[in-house]
Amino acid sequence: MPITVKFFASLREQIKSPASQIDSAGIATVADVWAAAADIPIPDHVLCSVNLDHCTAADSVKDGDEVAFFPPITGG
Amino acid sequence: MPITVKFFASLREQIKSPASQIDSAGIATVADVWAAAADIPIPDHVLCSVNLDHCTAADSVKDGDEVAFFPPITGG
Amino acid sequence: MPVTVLDTPFDPLQLLKQHEQTLEAGSVGAAAHFIGTMRNHNEGVGVSSLTLEHYPAMTTKELAKIIEDAHAKWNLIDALIVHRVGTMTPGDPIVLTAIWSAHRADAFEACRYLMEELKSRAPFWKKETLADGGDRWVEKNTAGYT
Amino acid sequence: MPVTVLDTPFDPLQLLKQHEQTLEAGSVGAAAHFIGTMRNHNEGVGVSSLTLEHYPAMTTKELAKIIEDAHAKWNLIDALIVHRVGTMTPGDPIVLTAIWSAHRADAFEACRYLMEELKSRAPFWKKETLADGGDRWVEKNTAGYT
């Protein structure tokens, strides 16, 4: 199964051709997902989630996970 | 002019025949007003006001003032 | 009027709606409301009705001062206090405090300030009629805002 | 449902009225509400519209967790969060948080907690369309509840 990848808000606009799915081969962490899916280095202050839970870039990722990257939250 | 005296809530019920007006002759403080108007010693925790402002029993009183005594506040 | 004392039941949400219509739309970013309502029990005992006595002239003056103090402490667009007096039954609203401001910290803090100051400074007293037919003055004061 | 995300305008006071009807009258002693509305300016610049993007599945999950956490921290009868998404204009409500409890401290503290946690944990992002026609993402995060 592939890993699903999502980018939100300003981050989505900064990345020219984001991948929405990547192969899990060779992917161990959230940081690896970024490197495989985005065409720019990971910016400071980027937030991330695995399967809808907040996480850090060092957290591990497995086949079938949904990984999302987003800028600081500004709702409310 | 006399001094107007008011007692509120449980305090009003504790005093058998409260005076609603007293002569200002010989009255210097709020405590003097109590002694002239009430038939019991001043209980602990009684609050008071002179002309609608919170005060202490030691505050001074003059002709024409309105002095009130009341138990701890329980509104809201 | 920012301060209202009523001897008949009131609908807090209706009053808030009316009051909002007096404010400039687009300037308000935050509103905080507090509503206190009569419960059917207190300190483990059933309560069937509540009578609120007050010192009318002082109440109005003190509530207006509390609002003035809140405006001095925070950056507020508007403030409202409504308090019921007389005899009420469980479920009846007793008190409404509301703040409108540009930013949320002012609204939250000032709304709580209105309630805590009201509870320590505004001359209201509660007498409960209990489910068993007896009555009692509520004698417990509550701590001020710190 | 304690958590609602809406892509159309909503009336906070109307929703509060509806929700109150589901609660047992006489058990609630305190209600605290917060309403955030869109202002027509931000950081000194006129704003003509605001678009809120979110991460739907995560938003719902995170808001439900915030309510669960509030119930664990305070003694609450009920809690409500409503959040708008999509494009809105000045004066439109953005967010509503509400708490019903027996006592006021729980209501005040939990209502603020809902807002502060929402602002730091729930995946929403604001993009402003400015009065001069340009647009900008709001990039400033706000401090959590402490």
# chains A, B, ... in the order shown; residues from 1 in each chain; ligands from 1

$ interface_residues --of "chain B" --to "chain C" --cutoff "7 Å" --atoms "only C-alpha atoms" --output "PyMOL selection string"
chain B and resi 9-10+52+72-76

$ write_last_selection --atoms "C-alpha atoms" --output "mmCIF file, in the first residue's frame"
data_model
loop_
_atom_site.group_PDB
_atom_site.id
_atom_site.type_symbol
_atom_site.label_atom_id
_atom_site.label_comp_id
_atom_site.auth_asym_id
_atom_site.auth_seq_id
_atom_site.Cartn_x
_atom_site.Cartn_y
_atom_site.Cartn_z
ATOM 1 C CA ALA B 9 -31.497 40.457 54.370
ATOM 2 C CA SER B 10 -30.785 38.192 57.388
ATOM 3 C CA LEU B 52 -24.113 53.840 48.639
ATOM 4 C CA PRO B 72 -21.992 39.076 53.146
ATOM 5 C CA ILE B 73 -23.102 39.436 49.545
ATOM 6 C CA THR B 74 -24.550 36.356 47.857
ATOM 7 C CA GLY B 75 -25.768 37.559 44.454
ATOM 8 C CA GLY B 76 -24.831 36.422 40.991
#

$ residues_around --residues "stretch 72-81 of chain C" --least-positions-apart "4" --cutoff "6 Å" --atoms "only C-alpha atoms" --output "VMD selection string"
chain C and resid 2 to 3 96 to 101 106

$ calpha_fit_and_write --fixed "chain C" --moving "chain D" --output "short mmCIF file (atom, residue, chain, number, x, y, z; two decimals) with N, CA and C atoms, in the first residue's frame"
data_model
loop_
_atom_site.label_atom_id
_atom_site.label_comp_id
_atom_site.auth_asym_id
_atom_site.auth_seq_id
_atom_site.Cartn_x
_atom_site.Cartn_y
_atom_site.Cartn_z
N MET D 1 -28.64 50.75 28.04
CA MET D 1 -28.08 50.78 29.41
C MET D 1 -27.21 49.55 29.66
N PRO D 2 -25.97 49.75 30.09
CA PRO D 2 -25.13 48.58 30.35
C PRO D 2 -25.53 47.80 31.59
N VAL D 3 -26.32 48.39 32.49
CA VAL D 3 -26.71 47.72 33.74
C VAL D 3 -28.24 47.68 33.83
N THR D 4 -28.78 46.49 34.03
CA THR D 4 -30.23 46.34 34.18
C THR D 4 -30.53 45.40 35.35
N VAL D 5 -31.42 45.81 36.23
CA VAL D 5 -31.90 44.94 37.31
C VAL D 5 -33.40 44.74 37.08
N LEU D 6 -33.79 43.47 37.02
CA LEU D 6 -35.16 43.13 36.62
C LEU D 6 -35.86 42.30 37.69
N ASP D 7 -37.14 42.59 37.93
CA ASP D 7 -37.88 41.76 38.90
C ASP D 7 -38.82 40.78 38.21
N THR D 8 -38.62 40.58 36.91
CA THR D 8 -39.39 39.58 36.15
C THR D 8 -38.41 38.70 35.37
N PRO D 9 -38.84 37.50 34.95
CA PRO D 9 -37.92 36.60 34.22
C PRO D 9 -37.38 37.27 32.96
N PHE D 10 -36.15 36.90 32.58
CA PHE D 10 -35.57 37.45 31.35
C PHE D 10 -34.92 36.34 30.54
N ASP D 11 -34.77 36.61 29.25
CA ASP D 11 -34.18 35.65 28.31
C ASP D 11 -32.80 36.18 27.91
N PRO D 12 -31.73 35.62 28.48
CA PRO D 12 -30.39 36.16 28.23
C PRO D 12 -30.03 36.18 26.74
N LEU D 13 -30.36 35.11 26.01
CA LEU D 13 -29.97 35.06 24.60
C LEU D 13 -30.71 36.12 23.79
N GLN D 14 -31.96 36.38 24.16
CA GLN D 14 -32.73 37.43 23.49
C GLN D 14 -32.13 38.81 23.77
N LEU D 15 -31.74 39.04 25.02
CA LEU D 15 -31.12 40.33 25.36
C LEU D 15 -29.78 40.51 24.65
N LEU D 16 -29.03 39.42 24.55
CA LEU D 16 -27.74 39.49 23.85
C LEU D 16 -27.95 39.83 22.38
N LYS D 17 -28.95 39.22 21.79
CA LYS D 17 -29.26 39.48 20.38
C LYS D 17 -29.63 40.96 20.18
N GLN D 18 -30.49 41.47 21.05
CA GLN D 18 -30.86 42.89 20.96
C GLN D 18 -29.64 43.79 21.11
N HIS D 19 -28.81 43.46 22.10
CA HIS D 19 -27.66 44.32 22.37
C HIS D 19 -26.66 44.31 21.22
N GLU D 20 -26.47 43.15 20.62
CA GLU D 20 -25.52 43.05 19.48
C GLU D 20 -25.90 43.98 18.34
N GLN D 21 -27.20 44.20 18.20
CA GLN D 21 -27.64 45.05 17.09
C GLN D 21 -27.23 46.51 17.27
N THR D 22 -26.83 46.87 18.49
CA THR D 22 -26.39 48.25 18.73
C THR D 22 -24.89 48.42 18.45
N LEU D 23 -24.18 47.32 18.18
CA LEU D 23 -22.73 47.38 17.99
C LEU D 23 -22.37 47.47 16.52
N GLU D 24 -21.22 48.07 16.24
CA GLU D 24 -20.77 48.22 14.86
C GLU D 24 -20.25 46.87 14.34
N ALA D 25 -20.93 46.31 13.37
CA ALA D 25 -20.49 45.02 12.81
C ALA D 25 -19.11 45.20 12.17
N GLY D 26 -18.24 44.22 12.36
CA GLY D 26 -16.90 44.30 11.77
C GLY D 26 -15.85 44.83 12.72
N SER D 27 -16.28 45.49 13.82
CA SER D 27 -15.28 45.96 14.80
C SER D 27 -15.10 44.93 15.91
N VAL D 28 -16.15 44.17 16.20
CA VAL D 28 -16.09 43.17 17.27
C VAL D 28 -15.42 41.89 16.75
N GLY D 29 -14.41 41.43 17.45
CA GLY D 29 -13.77 40.17 17.10
C GLY D 29 -14.08 39.08 18.10
N ALA D 30 -14.53 39.47 19.29
CA ALA D 30 -14.69 38.51 20.38
C ALA D 30 -15.86 38.91 21.27
N ALA D 31 -16.65 37.92 21.66
CA ALA D 31 -17.70 38.15 22.64
C ALA D 31 -17.63 37.03 23.66
N ALA D 32 -17.70 37.38 24.94
CA ALA D 32 -17.76 36.37 26.01
C ALA D 32 -18.99 36.66 26.84
N HIS D 33 -19.74 35.59 27.13
CA HIS D 33 -20.97 35.71 27.92
C HIS D 33 -20.88 34.77 29.10
N PHE D 34 -21.48 35.19 30.21
CA PHE D 34 -21.72 34.27 31.31
C PHE D 34 -23.17 34.38 31.74
N ILE D 35 -23.80 33.24 31.95
CA ILE D 35 -25.18 33.21 32.43
C ILE D 35 -25.24 32.33 33.67
N GLY D 36 -25.74 32.90 34.75
CA GLY D 36 -25.96 32.12 35.97
C GLY D 36 -27.45 31.81 36.07
N THR D 37 -27.78 30.55 36.30
CA THR D 37 -29.19 30.16 36.39
C THR D 37 -29.46 29.46 37.72
N MET D 38 -30.72 29.51 38.13
CA MET D 38 -31.09 28.91 39.40
C MET D 38 -31.14 27.39 39.28
N ARG D 39 -30.43 26.70 40.18
CA ARG D 39 -30.45 25.23 40.20
C ARG D 39 -31.55 24.74 41.15
N ASN D 40 -31.94 23.48 40.97
CA ASN D 40 -32.99 22.92 41.82
C ASN D 40 -32.44 22.26 43.09
N HIS D 41 -31.12 22.49 43.33
CA HIS D 41 -30.52 21.98 44.56
C HIS D 41 -29.30 22.83 44.88
N ASN D 42 -28.92 22.85 46.16
CA ASN D 42 -27.75 23.61 46.58
C ASN D 42 -27.22 22.99 47.86
N GLU D 43 -25.93 22.71 47.89
CA GLU D 43 -25.31 22.06 49.05
C GLU D 43 -26.09 20.83 49.51
N GLY D 44 -26.50 20.02 48.52
CA GLY D 44 -27.10 18.73 48.83
C GLY D 44 -28.57 18.76 49.19
N VAL D 45 -29.20 19.92 49.13
CA VAL D 45 -30.61 20.04 49.53
C VAL D 45 -31.43 20.55 48.35
N GLY D 46 -32.62 19.97 48.15
CA GLY D 46 -33.51 20.44 47.10
C GLY D 46 -34.01 21.86 47.39
N VAL D 47 -34.01 22.70 46.35
CA VAL D 47 -34.46 24.08 46.51
C VAL D 47 -35.62 24.31 45.54
N SER D 48 -36.75 24.82 46.06
CA SER D 48 -37.92 24.98 45.19
C SER D 48 -38.07 26.41 44.67
N SER D 49 -37.62 27.40 45.44
CA SER D 49 -37.60 28.76 44.89
C SER D 49 -36.52 29.57 45.58
N LEU D 50 -36.21 30.70 44.95
CA LEU D 50 -35.12 31.55 45.42
C LEU D 50 -35.61 32.99 45.36
N THR D 51 -35.38 33.72 46.46
CA THR D 51 -35.76 35.14 46.46
C THR D 51 -34.51 35.99 46.61
N LEU D 52 -34.31 36.90 45.67
CA LEU D 52 -33.16 37.77 45.70
C LEU D 52 -33.57 39.16 46.16
N GLU D 53 -33.00 39.54 47.31
CA GLU D 53 -33.20 40.89 47.83
C GLU D 53 -32.01 41.74 47.40
N HIS D 54 -32.21 43.02 47.25
CA HIS D 54 -31.06 43.88 46.97
C HIS D 54 -31.27 45.27 47.55
N TYR D 55 -30.29 46.12 47.37
CA TYR D 55 -30.29 47.50 47.88
C TYR D 55 -30.27 48.37 46.62
N PRO D 56 -31.46 48.67 46.09
CA PRO D 56 -31.57 49.13 44.70
C PRO D 56 -30.60 50.25 44.30
N ALA D 57 -30.58 51.34 45.07
CA ALA D 57 -29.74 52.47 44.64
C ALA D 57 -28.26 52.08 44.62
N MET D 58 -27.85 51.32 45.62
CA MET D 58 -26.45 50.92 45.69
C MET D 58 -26.11 49.88 44.61
N THR D 59 -27.04 48.98 44.35
CA THR D 59 -26.82 47.96 43.32
C THR D 59 -26.48 48.61 41.97
N THR D 60 -27.33 49.54 41.57
CA THR D 60 -27.15 50.18 40.27
C THR D 60 -25.81 50.92 40.22
N LYS D 61 -25.52 51.63 41.30
CA LYS D 61 -24.26 52.39 41.36
C LYS D 61 -23.05 51.45 41.31
N GLU D 62 -23.12 50.37 42.08
CA GLU D 62 -21.97 49.45 42.17
C GLU D 62 -21.75 48.71 40.84
N LEU D 63 -22.84 48.27 40.23
CA LEU D 63 -22.69 47.56 38.94
C LEU D 63 -22.12 48.50 37.87
N ALA D 64 -22.56 49.76 37.88
CA ALA D 64 -22.02 50.71 36.91
C ALA D 64 -20.52 50.94 37.14
N LYS D 65 -20.13 50.96 38.42
CA LYS D 65 -18.70 51.13 38.74
C LYS D 65 -17.88 49.92 38.29
N ILE D 66 -18.46 48.73 38.44
CA ILE D 66 -17.74 47.51 38.02
C ILE D 66 -17.48 47.57 36.51
N ILE D 67 -18.47 48.00 35.76
CA ILE D 67 -18.29 48.12 34.31
C ILE D 67 -17.24 49.18 33.97
N GLU D 68 -17.31 50.29 34.69
CA GLU D 68 -16.32 51.36 34.48
C GLU D 68 -14.90 50.82 34.78
N ASP D 69 -14.77 50.08 35.87
CA ASP D 69 -13.47 49.51 36.22
C ASP D 69 -12.98 48.54 35.15
N ALA D 70 -13.89 47.75 34.59
CA ALA D 70 -13.51 46.79 33.55
C ALA D 70 -13.00 47.54 32.31
N HIS D 71 -13.67 48.61 31.94
CA HIS D 71 -13.22 49.41 30.79
C HIS D 71 -11.82 49.98 31.04
N ALA D 72 -11.52 50.32 32.30
CA ALA D 72 -10.20 50.87 32.62
C ALA D 72 -9.11 49.80 32.56
N LYS D 73 -9.48 48.54 32.83
CA LYS D 73 -8.48 47.46 32.91
C LYS D 73 -8.24 46.76 31.59
N TRP D 74 -9.25 46.71 30.73
CA TRP D 74 -9.11 45.99 29.45
C TRP D 74 -9.56 46.88 28.30
N ASN D 75 -9.24 46.45 27.11
CA ASN D 75 -9.62 47.19 25.91
C ASN D 75 -10.95 46.61 25.39
N LEU D 76 -12.04 47.26 25.77
CA LEU D 76 -13.37 46.70 25.51
C LEU D 76 -14.17 47.58 24.57
N ILE D 77 -15.02 46.95 23.80
CA ILE D 77 -15.96 47.70 22.96
C ILE D 77 -17.25 47.97 23.74
N ASP D 78 -17.73 46.96 24.45
CA ASP D 78 -18.96 47.16 25.23
C ASP D 78 -19.06 46.09 26.31
N ALA D 79 -19.89 46.38 27.32
CA ALA D 79 -20.10 45.46 28.44
C ALA D 79 -21.55 45.56 28.89
N LEU D 80 -22.04 44.46 29.42
CA LEU D 80 -23.45 44.38 29.81
C LEU D 80 -23.57 43.54 31.08
N ILE D 81 -24.37 44.03 32.03
CA ILE D 81 -24.73 43.23 33.20
C ILE D 81 -26.25 43.29 33.37
N VAL D 82 -26.88 42.13 33.50
CA VAL D 82 -28.30 42.05 33.78
C VAL D 82 -28.45 41.15 35.01
N HIS D 83 -29.22 41.59 36.01
CA HIS D 83 -29.40 40.78 37.21
C HIS D 83 -30.87 40.74 37.60
N ARG D 84 -31.35 39.57 37.91
CA ARG D 84 -32.72 39.36 38.35
C ARG D 84 -32.83 39.57 39.85
N VAL D 85 -33.95 40.12 40.31
CA VAL D 85 -34.27 40.16 41.74
C VAL D 85 -35.69 39.63 41.94
N GLY D 86 -36.10 39.50 43.20
CA GLY D 86 -37.43 38.96 43.51
C GLY D 86 -37.41 37.44 43.57
N THR D 87 -38.55 36.83 43.40
CA THR D 87 -38.69 35.38 43.58
C THR D 87 -38.67 34.65 42.25
N MET D 88 -37.85 33.62 42.17
CA MET D 88 -37.70 32.86 40.92
C MET D 88 -37.70 31.36 41.20
N THR D 89 -37.81 30.56 40.14
CA THR D 89 -37.88 29.11 40.27
C THR D 89 -36.71 28.46 39.49
N PRO D 90 -36.44 27.17 39.77
CA PRO D 90 -35.29 26.52 39.12
C PRO D 90 -35.33 26.65 37.60
N GLY D 91 -34.17 26.89 37.00
CA GLY D 91 -34.07 27.09 35.57
C GLY D 91 -34.09 28.56 35.18
N ASP D 92 -34.58 29.42 36.06
CA ASP D 92 -34.63 30.85 35.74
C ASP D 92 -33.21 31.45 35.70
N PRO D 93 -32.92 32.25 34.67
CA PRO D 93 -31.66 33.00 34.68
C PRO D 93 -31.62 33.99 35.84
N ILE D 94 -30.49 34.05 36.53
CA ILE D 94 -30.28 35.00 37.63
C ILE D 94 -29.44 36.19 37.16
N VAL D 95 -28.39 35.88 36.41
CA VAL D 95 -27.44 36.94 36.04
C VAL D 95 -26.86 36.69 34.65
N LEU D 96 -26.61 37.76 33.95
CA LEU D 96 -25.94 37.72 32.65
C LEU D 96 -24.83 38.76 32.66
N THR D 97 -23.61 38.35 32.32
CA THR D 97 -22.55 39.34 32.06
C THR D 97 -22.03 39.08 30.66
N ALA D 98 -21.72 40.16 29.94
CA ALA D 98 -21.24 39.99 28.57
C ALA D 98 -20.24 41.08 28.22
N ILE D 99 -19.26 40.69 27.43
CA ILE D 99 -18.22 41.62 26.96
C ILE D 99 -18.07 41.46 25.45
N TRP D 100 -17.92 42.58 24.77
CA TRP D 100 -17.55 42.58 23.35
C TRP D 100 -16.23 43.34 23.23
N SER D 101 -15.28 42.75 22.48
CA SER D 101 -13.96 43.38 22.34
C SER D 101 -13.37 42.99 20.99
N ALA D 102 -12.21 43.55 20.68
CA ALA D 102 -11.53 43.18 19.44
C ALA D 102 -10.87 41.81 19.57
N HIS D 103 -10.28 41.54 20.75
CA HIS D 103 -9.48 40.32 20.92
C HIS D 103 -9.99 39.47 22.10
N ARG D 104 -9.73 38.17 22.02
CA ARG D 104 -10.38 37.26 22.95
C ARG D 104 -9.93 37.36 24.40
N ALA D 105 -8.64 37.67 24.63
CA ALA D 105 -8.18 37.71 26.03
C ALA D 105 -8.97 38.76 26.81
N ASP D 106 -9.17 39.94 26.21
CA ASP D 106 -9.95 40.99 26.87
C ASP D 106 -11.37 40.50 27.20
N ALA D 107 -11.99 39.83 26.25
CA ALA D 107 -13.37 39.37 26.45
C ALA D 107 -13.45 38.35 27.58
N PHE D 108 -12.58 37.34 27.54
CA PHE D 108 -12.61 36.30 28.58
C PHE D 108 -12.34 36.89 29.96
N GLU D 109 -11.27 37.68 30.05
CA GLU D 109 -10.86 38.17 31.37
C GLU D 109 -11.86 39.16 31.94
N ALA D 110 -12.35 40.07 31.10
CA ALA D 110 -13.28 41.09 31.60
C ALA D 110 -14.63 40.46 31.96
N CYS D 111 -15.06 39.46 31.20
CA CYS D 111 -16.35 38.82 31.51
C CYS D 111 -16.28 38.14 32.87
N ARG D 112 -15.17 37.49 33.14
CA ARG D 112 -15.03 36.86 34.45
C ARG D 112 -14.92 37.90 35.57
N TYR D 113 -14.20 38.96 35.27
CA TYR D 113 -14.06 40.05 36.24
C TYR D 113 -15.44 40.60 36.63
N LEU D 114 -16.29 40.85 35.65
CA LEU D 114 -17.64 41.36 35.96
C LEU D 114 -18.34 40.44 36.96
N MET D 115 -18.27 39.13 36.73
CA MET D 115 -18.96 38.20 37.62
C MET D 115 -18.34 38.17 39.01
N GLU D 116 -17.01 38.10 39.07
CA GLU D 116 -16.37 37.97 40.39
C GLU D 116 -16.56 39.25 41.21
N GLU D 117 -16.48 40.39 40.56
CA GLU D 117 -16.69 41.64 41.29
C GLU D 117 -18.14 41.76 41.74
N LEU D 118 -19.06 41.42 40.83
CA LEU D 118 -20.48 41.45 41.17
C LEU D 118 -20.74 40.60 42.42
N LYS D 119 -20.12 39.42 42.47
CA LYS D 119 -20.35 38.50 43.59
C LYS D 119 -19.74 39.00 44.89
N SER D 120 -18.79 39.91 44.81
CA SER D 120 -18.22 40.39 46.06
C SER D 120 -18.62 41.83 46.40
N ARG D 121 -19.08 42.60 45.43
CA ARG D 121 -19.34 44.03 45.68
C ARG D 121 -20.80 44.47 45.54
N ALA D 122 -21.59 43.77 44.72
CA ALA D 122 -22.95 44.27 44.44
C ALA D 122 -23.93 43.73 45.49
N PRO D 123 -24.67 44.61 46.15
CA PRO D 123 -25.49 44.19 47.31
C PRO D 123 -26.76 43.42 46.94
N PHE D 124 -26.57 42.11 46.72
CA PHE D 124 -27.66 41.17 46.50
C PHE D 124 -27.56 40.08 47.57
N TRP D 125 -28.72 39.58 48.00
CA TRP D 125 -28.74 38.48 48.97
C TRP D 125 -29.78 37.46 48.58
N LYS D 126 -29.40 36.19 48.67
CA LYS D 126 -30.28 35.09 48.26
C LYS D 126 -30.91 34.41 49.47
N LYS D 127 -32.21 34.17 49.39
CA LYS D 127 -32.90 33.35 50.38
C LYS D 127 -33.55 32.19 49.62
N GLU D 128 -33.26 30.97 50.08
CA GLU D 128 -33.78 29.78 49.40
C GLU D 128 -35.00 29.24 50.13
N THR D 129 -36.03 28.89 49.37
CA THR D 129 -37.13 28.09 49.93
C THR D 129 -36.85 26.65 49.56
N LEU D 130 -36.75 25.80 50.59
CA LEU D 130 -36.29 24.43 50.37
C LEU D 130 -37.46 23.53 50.00
N ALA D 131 -37.11 22.37 49.42
CA ALA D 131 -38.13 21.42 48.98
C ALA D 131 -39.00 20.96 50.16
N ASP D 132 -38.41 20.94 51.37
CA ASP D 132 -39.19 20.51 52.56
C ASP D 132 -40.04 21.64 53.15
N GLY D 133 -40.05 22.82 52.50
CA GLY D 133 -40.91 23.92 52.95
C GLY D 133 -40.21 24.97 53.78
N GLY D 134 -39.07 24.63 54.36
CA GLY D 134 -38.32 25.62 55.15
C GLY D 134 -37.63 26.64 54.26
N ASP D 135 -37.02 27.63 54.90
CA ASP D 135 -36.20 28.53 54.10
C ASP D 135 -34.91 28.87 54.82
N ARG D 136 -33.94 29.39 54.06
CA ARG D 136 -32.64 29.76 54.64
C ARG D 136 -32.01 30.84 53.79
N TRP D 137 -31.32 31.75 54.47
CA TRP D 137 -30.49 32.72 53.76
C TRP D 137 -29.21 32.01 53.30
N VAL D 138 -28.79 32.27 52.09
CA VAL D 138 -27.48 31.79 51.64
C VAL D 138 -26.45 32.71 52.28
N GLU D 139 -25.59 32.13 53.13
CA GLU D 139 -24.66 32.99 53.90
C GLU D 139 -23.23 32.90 53.39
N LYS D 140 -23.01 32.02 52.41
CA LYS D 140 -21.64 31.77 51.98
C LYS D 140 -21.22 32.77 50.92
N ASN D 141 -20.24 33.52 51.24
CA ASN D 141 -19.70 34.47 50.28
C ASN D 141 -18.73 33.73 49.36
N THR D 142 -18.45 34.31 48.21
CA THR D 142 -17.52 33.67 47.30
C THR D 142 -16.33 34.58 47.07
N ALA D 143 -15.19 33.97 46.81
CA ALA D 143 -13.94 34.73 46.68
C ALA D 143 -13.98 35.67 45.48
N GLY D 144 -13.33 36.78 45.61
CA GLY D 144 -13.24 37.76 44.52
C GLY D 144 -12.30 37.30 43.43
N TYR D 145 -12.18 38.10 42.42
CA TYR D 145 -11.34 37.80 41.26
C TYR D 145 -9.90 38.02 41.64
N THR D 146 -9.07 37.03 41.39
CA THR D 146 -7.63 37.22 41.66
C THR D 146 -6.83 36.74 40.47
#

$ residues_around --residues "stretch 31-39 of chain B" --least-positions-apart "6" --cutoff "8 Å" --atoms "only C-alpha atoms" --output "PDB file with C-alpha atoms, in the first residue's frame"
ATOM      1  CA  VAL B   5     -30.411  53.764  58.453  1.00  0.00           C
ATOM      2  CA  ILE B  15     -32.959  43.029  64.723  1.00  0.00           C
ATOM      3  CA  LYS B  16     -36.294  43.296  66.498  1.00  0.00           C
ATOM      4  CA  SER B  17     -37.101  46.977  66.067  1.00  0.00           C
ATOM      5  CA  PRO B  18     -34.553  48.662  63.817  1.00  0.00           C
ATOM      6  CA  ALA B  19     -34.630  52.448  63.614  1.00  0.00           C
ATOM      7  CA  SER B  20     -34.920  53.800  60.080  1.00  0.00           C
ATOM      8  CA  GLN B  21     -33.804  57.250  61.109  1.00  0.00           C
ATOM      9  CA  ILE B  22     -31.644  58.480  63.965  1.00  0.00           C
ATOM     10  CA  ALA B  57     -17.405  50.624  60.835  1.00  0.00           C
ATOM     11  CA  ALA B  58     -14.763  53.239  61.708  1.00  0.00           C
ATOM     12  CA  VAL B  67     -25.999  54.339  56.291  1.00  0.00           C
TER      13      VAL B  67
END

$ select_by_dssp --residues "chain A" --states "strand (DSSP E or B)" --output "VMD selection string"
chain A and resid 3 to 7 21 to 22 29 47 to 50 53 to 55 60 66 to 70

$ decode --residues "stretch 84-88 of chain D" --atoms "all heavy atoms" --output "CSV table (one decimal), in the first residue's frame"
chain,number,residue,atom,x,y,z
D,84,ARG,N,-16.7,27.7,11.7
D,84,ARG,CA,-17.0,28.0,10.3
D,84,ARG,C,-15.8,27.7,9.4
D,84,ARG,O,-14.7,28.0,9.9
D,84,ARG,CB,-17.4,29.5,10.2
D,84,ARG,CG,-17.6,30.0,8.8
D,84,ARG,CD,-19.0,29.7,8.3
D,84,ARG,NE,-19.1,30.2,6.9
D,84,ARG,CZ,-19.5,31.4,6.5
D,84,ARG,NH1,-19.7,32.3,7.5
D,84,ARG,NH2,-19.6,31.8,5.3
D,85,VAL,N,-16.0,27.2,8.2
D,85,VAL,CA,-14.9,27.1,7.2
D,85,VAL,C,-15.4,27.8,5.9
D,85,VAL,O,-16.6,28.1,5.8
D,85,VAL,CB,-14.5,25.7,7.0
D,85,VAL,CG1,-13.8,25.1,8.2
D,85,VAL,CG2,-15.6,24.8,6.5
D,86,GLY,N,-14.5,27.9,4.9
D,86,GLY,CA,-14.9,28.5,3.7
D,86,GLY,C,-14.7,30.0,3.7
D,86,GLY,O,-14.0,30.5,4.6
D,87,THR,N,-15.4,30.7,2.8
D,87,THR,CA,-15.2,32.1,2.7
D,87,THR,C,-16.3,32.9,3.4
D,87,THR,O,-17.5,32.6,3.2
D,87,THR,CB,-15.2,32.5,1.2
D,87,THR,OG1,-14.0,31.8,0.6
D,87,THR,CG2,-15.0,34.0,1.0
D,88,MET,N,-15.9,33.9,4.2
D,88,MET,CA,-16.8,34.7,5.0
D,88,MET,C,-16.5,36.2,4.9
D,88,MET,O,-15.4,36.5,4.4
D,88,MET,CB,-16.9,34.2,6.4
D,88,MET,CG,-15.5,34.3,7.1
D,88,MET,SD,-15.4,33.1,8.5
D,88,MET,CE,-15.1,31.6,7.5
